[in-house]
$ cat model_39.txt   # compact mmCIF, C-alpha atoms and all ligand atoms
# COMPACT_ATOMS: atom_id res chain seq x y z
CA MET B 300 87.82 111.81 130.86
CA SER B 301 89.46 110.27 133.92
CA LYS B 302 92.35 111.32 136.15
CA TYR B 303 93.76 107.84 135.63
CA TRP B 304 94.08 108.26 131.89
CA SER B 305 97.43 109.01 130.29
CA PRO B 306 97.62 112.07 128.02
CA LEU B 307 97.58 109.61 125.12
CA THR B 308 94.30 108.02 126.21
CA ALA B 309 92.79 111.45 126.77
CA SER B 310 93.78 112.53 123.25
CA LEU B 311 92.36 109.55 121.35
CA VAL B 312 89.18 109.61 119.28
CA PRO B 313 88.55 105.87 118.85
CA TYR B 314 87.00 104.29 115.78
CA VAL B 315 83.31 103.51 116.11
CA PRO B 316 82.56 100.19 114.42
CA GLY B 317 79.31 99.63 112.52
CA GLU B 318 76.28 98.59 114.51
CA GLN B 319 75.99 94.88 115.42
CA PRO B 320 72.36 94.70 116.54
CA LYS B 321 71.28 91.93 118.92
CA ASP B 322 67.99 91.85 117.03
CA LYS B 323 68.60 89.19 114.38
CA THR B 324 65.51 90.12 112.39
CA TYR B 325 67.31 93.02 110.68
CA ILE B 326 68.53 92.50 107.15
CA LYS B 327 72.08 93.43 107.98
CA LEU B 328 73.80 95.24 105.12
CA ASN B 329 75.88 97.66 107.20
CA THR B 330 79.32 96.16 107.94
CA ASN B 331 80.39 94.42 104.72
CA GLU B 332 80.16 90.92 106.11
CA ASN B 333 79.68 88.02 103.71
CA PRO B 334 76.08 86.73 103.65
CA TYR B 335 77.21 83.15 103.09
CA PRO B 336 78.47 80.98 105.94
CA PRO B 337 82.13 79.97 106.11
CA SER B 338 83.15 76.77 104.35
CA PRO B 339 81.85 73.68 106.23
CA LYS B 340 85.49 72.55 106.32
CA VAL B 341 86.33 75.58 108.44
CA ILE B 342 83.65 74.69 110.97
CA GLU B 343 84.84 71.07 111.09
CA ALA B 344 88.44 72.17 111.66
CA ILE B 345 87.46 74.54 114.47
CA LYS B 346 85.39 71.83 116.16
CA ALA B 347 88.31 69.43 115.91
CA ALA B 348 90.61 72.04 117.46
CA ALA B 349 88.18 72.72 120.32
CA GLY B 350 89.63 70.04 122.57
CA ASP B 351 92.14 69.40 125.32
CA ASP B 352 94.91 71.19 123.45
CA LEU B 353 93.26 74.50 124.30
CA ARG B 354 95.17 74.32 127.59
CA LEU B 355 98.32 74.84 125.50
CA TYR B 356 99.40 78.16 124.02
CA PRO B 357 99.00 78.40 120.27
CA ASP B 358 102.01 78.28 117.94
CA PRO B 359 103.47 81.81 118.25
CA THR B 360 104.94 81.57 114.75
CA CYS B 361 101.56 80.60 113.17
CA GLU B 362 103.59 78.30 110.96
CA SER B 363 100.75 76.19 109.52
CA LEU B 364 98.70 79.24 108.64
CA ILE B 365 101.59 81.20 107.18
CA GLN B 366 102.48 78.19 105.06
CA ALA B 367 98.87 77.87 103.85
CA ALA B 368 98.78 81.55 102.84
CA ALA B 369 102.25 81.29 101.26
CA ASP B 370 101.18 78.24 99.24
CA TYR B 371 98.04 80.03 98.11
CA TYR B 372 100.10 82.86 96.60
CA LYS B 373 103.12 80.65 95.73
CA LEU B 374 105.42 82.69 97.94
CA PRO B 375 108.12 81.74 100.43
CA ALA B 376 106.79 81.70 104.00
CA SER B 377 109.36 84.39 104.89
CA ARG B 378 107.27 86.86 102.89
CA VAL B 379 104.07 86.28 104.87
CA PHE B 380 102.80 87.60 108.19
CA ALA B 381 99.57 86.56 109.92
CA GLY B 382 97.63 88.58 112.46
CA ASN B 383 94.40 88.91 114.36
CA GLY B 384 92.39 90.52 111.58
CA SER B 385 93.80 93.05 109.15
CA ASP B 386 92.97 95.86 111.57
CA GLU B 387 95.62 94.51 113.92
CA ILE B 388 98.13 94.12 111.10
CA LEU B 389 97.49 97.70 109.99
CA ALA B 390 98.07 98.85 113.57
CA PHE B 391 101.36 96.93 113.63
CA ALA B 392 102.35 98.25 110.20
CA PHE B 393 101.73 101.89 111.14
CA ALA B 394 103.99 101.39 114.16
CA ALA B 395 106.58 99.39 112.24
CA PHE B 396 107.03 101.53 109.13
CA PHE B 397 105.61 105.04 109.39
CA ASP B 398 107.88 107.91 110.37
CA PRO B 399 106.59 110.31 113.06
CA ALA B 400 109.13 112.91 111.91
CA LYS B 401 107.40 113.14 108.53
CA THR B 402 103.86 113.20 107.18
CA ILE B 403 102.04 110.07 106.08
CA LEU B 404 99.73 110.13 103.08
CA TYR B 405 96.33 108.59 102.46
CA PRO B 406 93.16 109.58 100.60
CA ASP B 407 90.73 112.04 102.20
CA ILE B 408 87.89 109.59 101.67
CA THR B 409 88.99 106.20 102.88
CA TYR B 410 88.83 103.64 105.68
CA SER B 411 88.47 105.77 108.80
CA PHE B 412 90.68 103.55 110.94
CA TYR B 413 93.81 105.02 109.28
CA LYS B 414 93.24 108.32 111.03
CA VAL B 415 92.78 106.54 114.35
CA TYR B 416 96.07 104.66 114.04
CA ALA B 417 97.88 107.81 112.95
CA LYS B 418 96.67 109.50 116.11
CA LEU B 419 97.56 106.52 118.29
CA TYR B 420 101.16 106.58 117.09
CA GLY B 421 101.53 110.35 117.00
CA LEU B 422 101.86 110.43 113.20
CA GLN B 423 101.06 113.48 111.14
CA SER B 424 98.73 112.80 108.22
CA GLU B 425 98.16 114.55 104.93
CA LEU B 426 94.84 113.59 103.41
CA ILE B 427 95.03 113.62 99.63
CA PRO B 428 91.74 114.64 97.99
CA LEU B 429 90.06 112.23 95.61
CA ASP B 430 88.85 113.81 92.37
CA GLU B 431 85.15 114.44 91.66
CA SER B 432 84.65 110.85 90.54
CA PHE B 433 86.37 109.56 93.72
CA THR B 434 89.41 108.45 91.71
CA ILE B 435 92.82 108.14 93.39
CA HIS B 436 95.57 109.72 91.27
CA PRO B 437 98.90 107.98 91.90
CA ALA B 438 100.98 111.03 90.99
CA ASP B 439 99.53 112.75 94.10
CA TYR B 440 101.57 110.32 96.21
CA ALA B 441 104.89 111.35 94.66
CA ARG B 442 105.86 113.86 97.33
CA GLU B 443 107.98 113.85 100.47
CA ASN B 444 106.31 111.61 103.05
CA GLY B 445 106.80 109.22 105.93
CA GLY B 446 104.70 106.42 104.48
CA VAL B 447 101.69 105.82 102.25
CA ILE B 448 98.58 103.73 102.81
CA LEU B 449 95.99 103.09 100.13
CA PRO B 450 93.10 100.68 100.26
CA ASN B 451 92.49 98.89 96.99
CA PRO B 452 89.60 98.82 96.27
CA ASN B 453 88.96 101.95 98.30
CA ALA B 454 86.31 102.00 101.02
CA PRO B 455 83.65 103.28 101.11
CA THR B 456 83.86 104.44 97.47
CA ALA B 457 84.24 100.79 96.26
CA LYS B 458 86.52 101.89 93.41
CA LEU B 459 89.53 99.90 92.24
CA MET B 460 93.00 101.18 91.27
CA SER B 461 94.96 99.40 88.55
CA LEU B 462 98.26 97.69 89.29
CA ASP B 463 99.87 100.21 86.90
CA ALA B 464 98.65 103.02 89.14
CA ILE B 465 100.01 101.23 92.20
CA ARG B 466 103.36 100.84 90.46
CA ILE B 467 103.52 104.62 90.02
CA VAL B 468 103.07 105.07 93.80
CA LEU B 469 105.68 102.39 94.53
CA ASP B 470 108.20 103.85 92.07
CA ALA B 471 107.76 107.30 93.60
CA ASN B 472 108.42 106.03 97.14
CA PRO B 473 111.50 103.79 97.10
CA ASN B 474 112.47 104.81 100.64
CA GLN B 475 109.07 104.56 102.33
CA ALA B 476 106.76 101.67 102.98
CA VAL B 477 103.64 101.70 100.82
CA ILE B 478 100.79 99.70 102.33
CA ILE B 479 98.06 98.44 100.04
CA ASP B 480 95.05 97.37 102.09
CA GLU B 481 93.29 94.70 100.03
CA ALA B 482 90.39 93.88 102.35
CA TYR B 483 88.04 93.69 99.33
CA ILE B 484 90.41 92.57 96.57
CA ASP B 485 88.74 89.21 95.90
CA PHE B 486 85.53 90.81 94.63
CA GLY B 487 86.92 91.76 91.23
CA GLY B 488 90.35 93.30 91.75
CA GLU B 489 93.84 92.15 90.87
CA SER B 490 96.08 91.71 93.90
CA ALA B 491 99.34 93.63 94.24
CA VAL B 492 100.85 90.51 95.82
CA SER B 493 102.22 89.85 92.32
CA LEU B 494 104.43 92.96 92.77
CA ILE B 495 106.11 92.18 96.06
CA ALA B 496 109.10 90.38 94.50
CA GLU B 497 109.81 93.56 92.56
CA TYR B 498 109.15 96.16 95.28
CA PRO B 499 110.77 95.77 98.71
CA ASN B 500 108.77 98.83 99.89
CA LEU B 501 105.38 97.16 99.25
CA LEU B 502 103.27 95.62 102.00
CA VAL B 503 99.97 94.06 100.90
CA VAL B 504 97.43 93.45 103.67
CA GLN B 505 94.52 91.03 103.26
CA THR B 506 91.82 89.51 105.43
CA LEU B 507 89.66 86.41 105.73
CA SER B 508 86.82 88.60 107.03
CA LYS B 509 85.13 89.41 103.73
CA SER B 510 85.62 86.98 100.85
CA ARG B 511 86.14 84.00 103.19
CA SER B 512 83.14 84.79 105.41
CA LEU B 513 85.27 84.81 108.58
CA ALA B 514 84.88 88.28 110.10
CA GLY B 515 84.18 86.62 113.44
CA LEU B 516 87.40 84.64 113.43
CA ARG B 517 89.72 87.68 113.15
CA VAL B 518 92.47 86.54 110.79
CA GLY B 519 94.43 88.71 108.37
CA PHE B 520 97.69 88.56 106.43
CA ALA B 521 100.46 90.74 105.17
CA PHE B 522 102.68 89.94 102.21
CA GLY B 523 105.93 91.75 101.51
CA SER B 524 109.71 91.72 101.47
CA GLU B 525 111.50 89.85 104.22
CA GLU B 526 112.58 93.12 105.82
CA LEU B 527 108.99 94.33 106.06
CA ILE B 528 107.80 90.99 107.45
CA GLU B 529 110.61 91.07 110.00
CA GLY B 530 109.53 94.58 111.00
CA LEU B 531 105.99 93.38 111.62
CA ASN B 532 107.26 90.45 113.69
CA ARG B 533 109.30 92.83 115.84
CA ILE B 534 106.23 94.88 116.60
CA LYS B 535 104.02 91.82 117.12
CA ASN B 536 106.47 90.26 119.55
CA SER B 537 106.61 93.51 121.47
CA PHE B 538 102.84 93.41 122.03
CA ASN B 539 101.57 89.86 122.17
CA SER B 540 103.46 87.04 120.51
CA TYR B 541 100.45 84.66 120.60
CA THR B 542 98.26 86.81 118.43
CA ILE B 543 96.24 84.09 116.71
CA ASP B 544 94.46 81.59 118.92
CA ARG B 545 94.26 77.84 118.31
CA LEU B 546 90.69 77.84 117.01
CA ALA B 547 91.34 80.68 114.58
CA LEU B 548 94.55 79.04 113.36
CA ALA B 549 92.73 75.79 112.63
CA GLY B 550 89.79 77.48 110.92
CA ALA B 551 91.95 79.77 108.82
CA VAL B 552 94.14 76.94 107.52
CA ALA B 553 90.98 75.06 106.50
CA ALA B 554 89.67 78.17 104.70
CA PHE B 555 92.65 78.07 102.35
CA GLU B 556 92.04 74.39 101.72
CA ASP B 557 88.53 74.96 100.35
CA ASP B 558 89.18 77.09 97.32
CA ALA B 559 86.13 75.81 95.42
CA TYR B 560 83.76 77.06 98.13
CA PHE B 561 85.52 80.43 98.24
CA ARG B 562 85.25 80.86 94.47
CA GLU B 563 81.59 79.88 94.39
CA THR B 564 80.48 82.25 97.18
CA THR B 565 82.63 85.11 95.90
CA GLU B 566 81.15 84.79 92.41
CA LYS B 567 77.65 84.79 93.89
CA VAL B 568 78.36 88.01 95.77
CA ILE B 569 79.78 89.62 92.61
CA ARG B 570 76.75 88.62 90.53
CA THR B 571 74.34 89.95 93.14
CA ARG B 572 76.35 93.17 93.48
CA ASP B 573 76.22 93.86 89.76
CA ARG B 574 72.49 93.18 89.65
CA VAL B 575 71.82 95.48 92.64
CA ALA B 576 74.00 98.24 91.16
CA GLY B 577 72.01 97.99 87.92
CA GLU B 578 68.65 98.09 89.70
CA LEU B 579 69.65 101.06 91.87
CA THR B 580 70.83 102.91 88.76
CA ALA B 581 67.48 102.20 87.09
CA LEU B 582 65.76 103.70 90.16
CA GLY B 583 67.70 106.93 89.68
CA PHE B 584 70.62 106.36 92.06
CA THR B 585 74.19 107.29 91.20
CA VAL B 586 76.27 104.18 91.88
CA THR B 587 80.07 104.00 91.75
CA ASP B 588 81.74 101.15 89.86
CA SER B 589 82.13 98.66 92.70
CA LYS B 590 84.79 95.98 92.85
CA THR B 591 83.90 95.19 96.48
CA ASN B 592 81.15 93.38 98.37
CA PHE B 593 79.20 96.61 98.81
CA VAL B 594 77.78 99.36 96.64
CA PHE B 595 78.17 103.08 97.22
CA ALA B 596 75.12 104.93 96.01
CA SER B 597 73.42 108.31 96.29
CA TYR B 598 69.91 109.45 95.40
CA PRO B 599 69.37 112.97 94.09
CA ASP B 600 65.98 113.72 95.65
CA LYS B 601 66.26 112.47 99.19
CA PRO B 602 68.98 112.86 101.83
CA ALA B 603 70.96 109.69 102.54
CA SER B 604 70.30 110.11 106.26
CA SER B 605 66.56 109.92 105.69
CA ILE B 606 66.79 106.92 103.32
CA PHE B 607 69.01 105.27 105.93
CA GLN B 608 66.44 105.90 108.67
CA GLN B 609 63.47 104.78 106.59
CA LEU B 610 65.28 101.60 105.61
CA ARG B 611 66.06 101.02 109.27
CA ASP B 612 62.40 101.45 110.15
CA LYS B 613 61.66 98.75 107.58
CA GLY B 614 64.21 96.43 109.15
CA VAL B 615 67.09 96.99 106.70
CA LEU B 616 70.40 98.25 108.09
CA VAL B 617 72.79 100.05 105.75
CA ARG B 618 75.45 102.68 106.44
CA TYR B 619 75.78 106.37 105.71
CA PHE B 620 78.59 108.77 106.52
CA ALA B 621 78.23 112.19 108.07
CA GLN B 622 81.33 113.36 106.23
CA PRO B 623 81.86 116.13 103.67
CA ARG B 624 81.49 115.05 100.02
CA ILE B 625 79.97 111.67 100.84
CA GLU B 626 77.12 112.67 103.15
CA GLU B 627 74.67 111.93 100.34
CA TYR B 628 75.92 108.38 99.85
CA LEU B 629 74.74 105.11 101.30
CA ARG B 630 77.05 102.13 101.61
CA ILE B 631 75.10 98.93 101.13
CA SER B 632 76.78 95.59 101.82
CA ILE B 633 75.80 92.81 99.45
CA GLY B 634 73.61 90.15 101.05
CA THR B 635 71.97 87.09 99.56
CA ASP B 636 69.70 87.56 96.53
CA GLU B 637 66.66 87.28 98.81
CA GLU B 638 68.02 89.93 101.20
CA MET B 639 68.81 92.25 98.32
CA ASP B 640 65.34 91.77 96.84
CA ALA B 641 63.87 92.79 100.21
CA PHE B 642 66.25 95.77 100.29
CA LEU B 643 65.28 96.85 96.76
CA GLN B 644 61.60 96.49 97.57
CA ALA B 645 62.07 98.70 100.65
CA VAL B 646 63.97 101.26 98.55
CA LYS B 647 61.16 101.38 95.98
CA GLU B 648 58.71 102.16 98.78
CA ILE B 649 60.90 105.04 99.97
CA VAL B 650 62.18 106.88 96.89
N1 LIG B 701 90.56 97.51 105.72
C1 LIG B 701 89.40 97.96 105.22
C2 LIG B 701 89.44 98.89 104.06
C3 LIG B 701 88.19 97.54 105.80
O1 LIG B 701 87.03 98.01 105.32
C4 LIG B 701 88.20 96.64 106.88
C5 LIG B 701 86.91 96.14 107.49
N2 LIG B 701 86.23 97.06 108.25
C6 LIG B 701 89.43 96.23 107.38
C7 LIG B 701 90.59 96.66 106.78
C8 LIG B 701 89.55 95.36 108.59
O2 LIG B 701 89.15 94.07 108.41
P1 LIG B 701 89.50 92.94 109.45
O3 LIG B 701 90.15 93.55 110.66
O4 LIG B 701 88.21 92.29 109.75
O5 LIG B 701 90.45 92.03 108.74

$ encode --input "model_39.txt" --output "structure tokens" --more "lines below"
Ligand code: PMP
Amino acid sequence: MSKYWSPLTASLVPYVPGEQPKDKTYIKLNTNENPYPPSPKVIEAIKAAAGDDLRLYPDPTCESLIQAAADYYKLPASRVFAGNGSDEILAFAFAAFFDPAKTILYPDITYSFYKVYAKLYGLQSELIPLDESFTIHPADYARENGGVILPNPNAPTAKLMSLDAIRIVLDANPNQAVIIDEAYIDFGGESAVSLIAEYPNLLVVQTLSKSRSLAGLRVGFAFGSEELIEGLNRIKNSFNSYTIDRLALAGAVAAFEDDAYFRETTEKVIRTRDRVAGELTALGFTVTDSKTNFVFASYPDKPASSIFQQLRDKGVLVRYFAQPRIEEYLRISIGTDEEMDAFLQAVKEIV
């Protein structure tokens, strides 16, 4: 607390990101990063961009990147927005579309940043309970509200909603924006981008952080109707019109140009995930059906906090949540096969 802080600053409870240890010897399975490096073409493009032109501001319209993302999804560029990571786009979207006079809706177990943004913008939230199997029921979102946000797949539960379920939410909310946060969609889900031509209330948010191995570059996208994209641009240009820097722009464009690399690494992560889920189940864990690059698992005979700590002592970092209903679960990001073998070996020594 400081006398210099505004009442807003004093009221905030900021998000605490997952640990990024300086000690590189940890097997790091705690923040859902991709274990594989970015495409070599991305590195080449960033090196090429790291020259004299850095004295110049980047393109404030991010034209090359927006075009690359638009081409990828076969959309007009007017339906695409690019930002500095999907976290930033979500922050813009909360400001752009959610109504402080009403209550916004999101699941009670979900990405914890939503609560932080709601607080930042003075929005009231209603947290909609997931059922016992952590399923999101779309009919629960058919009530008076000032906006809806759903991650698909959900985090940290890892569970996917069908596009039919998303349609039910969209049909029930013709006058509110519905944001679908697809941070993990490439690991086995079907993107709602295919629905944006049909639903002007739909904003789909994606990121290069997970499936494109570029968490460090901070690039995300939103796809939606022109009116939603225009709303995001209004907010962006009221904060910082040069959101994406020259190096990130160059690297992100190159990421879209190397689809083969993306497909190969994504498939590897999926294969490893399914193997790890199977092995944890065989060890007696309950594991949700993951369509993400992490698994969400609980063990009946030992508290998650103690498994977490024992894994940490053995040099393996995972995540657990001191939160009702999921305090017995561990969230384990999928690493390389070798990393996951070391993780599984450590687990066998603990449980
Ligand atoms: N949405 C969800 C559900 C996430 O888990 C994350 C990653 N923590 C993000 C958005 C943000 O990703 P980024 O800002 O790296 O694009």

$ residues_near_ligand --input "model_39.txt" --ligand "ligand LIG 701 (chain B)" --cutoff "6 Å" --atoms "all atoms listed in the file" --output "list in words"
Gly384, Ser385, Asp386, Tyr410, Pro450, Ala454, Asp480, Ala482, Thr506, Ser508, Ala514, Arg517 and Gly519 of chain B

$ closest_residue --input "model_39.txt" --among "B:Tyr440, B:Phe561, B:Tyr420, B:Tyr619" --to "B:Leu307" --atoms "only C-alpha atoms"
B:Tyr420

$ closest_residue --input "model_39.txt" --among "B:Ala457, B:Leu616, B:Leu643, B:Ile467" --to "B:Thr580" --atoms "all atoms listed in the file"
B:Leu643

$ residues_near_point --input "model_39.txt" --point "(86.9, 92.6, 95.4)" --cutoff "9 Å" --atoms "all atoms listed in the file" --output "list in words"
Asn451, Pro452, Ala457, Leu459, Glu481, Ala482, Tyr483, Ile484, Asp485, Phe486, Gly487, Gly488, Glu489, Ser510, Thr565, Ile569, Ser589, Lys590, Thr591 and Asn592 of chain B

$ closest_residue --input "model_39.txt" --among "B:Ala603, B:Leu513, B:Met639, B:Leu389" --to "B:Thr571" --atoms "only C-alpha atoms"
B:Met639

$ closest_residue --input "model_39.txt" --among "B:Ile388, B:Val575, B:Ala547, B:Leu507" --to "B:Asp640" --atoms "all atoms listed in the file"
B:Val575

$ residues_around --input "model_39.txt" --residues "stretch 361-367 of chain B" --least-positions-apart "6" --cutoff "10 Å" --atoms "all atoms listed in the file" --output "list in words"
Lys373, Leu374, Pro375, Ala376, Ser377, Arg378, Val379, Phe380, Ala381, Gly382, Val518, Phe520, Ala521, Ser540, Tyr541, Thr542, Ile543, Asp544, Arg545, Ala547, Leu548, Ala549, Gly550, Ala551, Val552, Ala553, Ala554, Phe555 and Glu556 of chain B

$ residues_around --input "model_39.txt" --residues "B:Arg624" --least-positions-apart "4" --cutoff "10 Å" --atoms "all atoms listed in the file" --output "PyMOL selection string"
chain B and resi 407-408+431+433+620+628

$ residues_around --input "model_39.txt" --residues "B:Tyr405" --least-positions-apart "6" --cutoff "8 Å" --atoms "all atoms listed in the file" --output "MDAnalysis selection string"
chainID B and resid 424:427 447:449

$ closest_residue --input "model_39.txt" --among "B:Lys346, B:Arg574, B:Lys321, B:Lys613" --to "B:Val594" --atoms "all atoms listed in the file"
B:Arg574

$ closest_residue --input "model_39.txt" --among "B:Ala464, B:Ala395, B:Ala471, B:Ala400" --to "B:Arg533" --atoms "all atoms listed in the file"
B:Ala395

$ residues_around --input "model_39.txt" --residues "B:Gln319" --least-positions-apart "2" --cutoff "10 Å" --atoms "all atoms listed in the file" --output "list in words"
Pro316, Gly317, Lys321, Asp322, Lys323, Lys327, Asn329, Thr330 and Leu616 of chain B

$ write_last_selection --input "model_39.txt" --atoms "C-alpha atoms" --output "PDB file, in the frame of the given file"
ATOM      1  CA  PRO B 316      82.560 100.190 114.420  1.00  0.00           C
ATOM      2  CA  GLY B 317      79.310  99.630 112.520  1.00  0.00           C
ATOM      3  CA  LYS B 321      71.280  91.930 118.920  1.00  0.00           C
ATOM      4  CA  ASP B 322      67.990  91.850 117.030  1.00  0.00           C
ATOM      5  CA  LYS B 323      68.600  89.190 114.380  1.00  0.00           C
ATOM      6  CA  LYS B 327      72.080  93.430 107.980  1.00  0.00           C
ATOM      7  CA  ASN B 329      75.880  97.660 107.200  1.00  0.00           C
ATOM      8  CA  THR B 330      79.320  96.160 107.940  1.00  0.00           C
ATOM      9  CA  LEU B 616      70.400  98.250 108.090  1.00  0.00           C
TER      10      LEU B 616
END

$ atom_distance --input "model_39.txt" --atom1 "atom CA of B:Arg570" --atom2 "atom CA of B:Phe642"
16.0 Å

$ atom_distance --input "model_39.txt" --atom1 "atom CA of B:Leu355" --atom2 "atom CA of B:Tyr371"
27.9 Å

$ atom_distance --input "model_39.txt" --atom1 "atom CA of B:Asp600" --atom2 "atom CA of B:Ala641"
21.5 Å

$ residues_near_point --input "model_39.txt" --point "(114.0, 90.3, 102.7)" --cutoff "10 Å" --atoms "only C-alpha atoms" --output "PDB file with C-alpha atoms, keeping the file's coordinate frame"
ATOM      1  CA  SER B 377     109.360  84.390 104.890  1.00  0.00           C
ATOM      2  CA  ARG B 378     107.270  86.860 102.890  1.00  0.00           C
ATOM      3  CA  ALA B 496     109.100  90.380  94.500  1.00  0.00           C
ATOM      4  CA  PRO B 499     110.770  95.770  98.710  1.00  0.00           C
ATOM      5  CA  GLY B 523     105.930  91.750 101.510  1.00  0.00           C
ATOM      6  CA  SER B 524     109.710  91.720 101.470  1.00  0.00           C
ATOM      7  CA  GLU B 525     111.500  89.850 104.220  1.00  0.00           C
ATOM      8  CA  GLU B 526     112.580  93.120 105.820  1.00  0.00           C
ATOM      9  CA  LEU B 527     108.990  94.330 106.060  1.00  0.00           C
ATOM     10  CA  ILE B 528     107.800  90.990 107.450  1.00  0.00           C
ATOM     11  CA  GLU B 529     110.610  91.070 110.000  1.00  0.00           C
TER      12      GLU B 529
END

$ decode --input "model_39.txt" --residues "stretch 551-568 of chain B" --atoms "N, CA and C atoms" --output "mmCIF file, in the first residue's frame"
data_model
loop_
_atom_site.group_PDB
_atom_site.id
_atom_site.type_symbol
_atom_site.label_atom_id
_atom_site.label_comp_id
_atom_site.auth_asym_id
_atom_site.auth_seq_id
_atom_site.Cartn_x
_atom_site.Cartn_y
_atom_site.Cartn_z
ATOM 1 N N ALA B 551 6.561 -13.704 -36.010
ATOM 2 C CA ALA B 551 5.198 -14.247 -36.055
ATOM 3 C C ALA B 551 4.755 -14.517 -37.492
ATOM 4 N N VAL B 552 5.120 -13.637 -38.412
ATOM 5 C CA VAL B 552 4.777 -13.877 -39.815
ATOM 6 C C VAL B 552 5.431 -15.183 -40.269
ATOM 7 N N ALA B 553 6.713 -15.365 -39.897
ATOM 8 C CA ALA B 553 7.435 -16.576 -40.305
ATOM 9 C C ALA B 553 6.794 -17.825 -39.691
ATOM 10 N N ALA B 554 6.242 -17.700 -38.484
ATOM 11 C CA ALA B 554 5.607 -18.863 -37.845
ATOM 12 C C ALA B 554 4.460 -19.383 -38.710
ATOM 13 N N PHE B 555 3.698 -18.472 -39.282
ATOM 14 C CA PHE B 555 2.581 -18.904 -40.133
ATOM 15 C C PHE B 555 3.066 -19.528 -41.439
ATOM 16 N N GLU B 556 4.311 -19.180 -41.817
ATOM 17 C CA GLU B 556 4.812 -19.704 -43.090
ATOM 18 C C GLU B 556 5.375 -21.111 -42.947
ATOM 19 N N ASP B 557 5.543 -21.597 -41.717
ATOM 20 C CA ASP B 557 6.105 -22.941 -41.548
ATOM 21 C C ASP B 557 5.070 -23.869 -40.921
ATOM 22 N N ASP B 558 4.062 -24.169 -41.715
ATOM 23 C CA ASP B 558 2.965 -24.988 -41.224
ATOM 24 C C ASP B 558 3.411 -26.426 -40.932
ATOM 25 N N ALA B 559 4.349 -26.926 -41.756
ATOM 26 C CA ALA B 559 4.777 -28.323 -41.598
ATOM 27 C C ALA B 559 5.414 -28.515 -40.218
ATOM 28 N N TYR B 560 6.246 -27.561 -39.810
ATOM 29 C CA TYR B 560 6.919 -27.653 -38.515
ATOM 30 C C TYR B 560 5.893 -27.619 -37.380
ATOM 31 N N PHE B 561 4.940 -26.712 -37.519
ATOM 32 C CA PHE B 561 3.865 -26.564 -36.528
ATOM 33 C C PHE B 561 3.099 -27.874 -36.376
ATOM 34 N N ARG B 562 2.754 -28.485 -37.513
ATOM 35 C CA ARG B 562 1.958 -29.725 -37.442
ATOM 36 C C ARG B 562 2.759 -30.844 -36.785
ATOM 37 N N GLU B 563 4.034 -30.927 -37.154
ATOM 38 C CA GLU B 563 4.872 -32.001 -36.621
ATOM 39 C C GLU B 563 5.039 -31.869 -35.097
ATOM 40 N N THR B 564 5.343 -30.666 -34.616
ATOM 41 C CA THR B 564 5.581 -30.518 -33.169
ATOM 42 C C THR B 564 4.269 -30.672 -32.390
ATOM 43 N N THR B 565 3.181 -30.173 -32.971
ATOM 44 C CA THR B 565 1.892 -30.288 -32.279
ATOM 45 C C THR B 565 1.497 -31.753 -32.148
ATOM 46 N N GLU B 566 1.695 -32.506 -33.229
ATOM 47 C CA GLU B 566 1.349 -33.940 -33.160
ATOM 48 C C GLU B 566 2.208 -34.673 -32.137
ATOM 49 N N LYS B 567 3.485 -34.272 -32.049
ATOM 50 C CA LYS B 567 4.351 -34.913 -31.043
ATOM 51 C C LYS B 567 3.819 -34.645 -29.631
ATOM 52 N N VAL B 568 3.443 -33.394 -29.375
ATOM 53 C CA VAL B 568 2.926 -33.050 -28.045
ATOM 54 C C VAL B 568 1.665 -33.863 -27.750
#
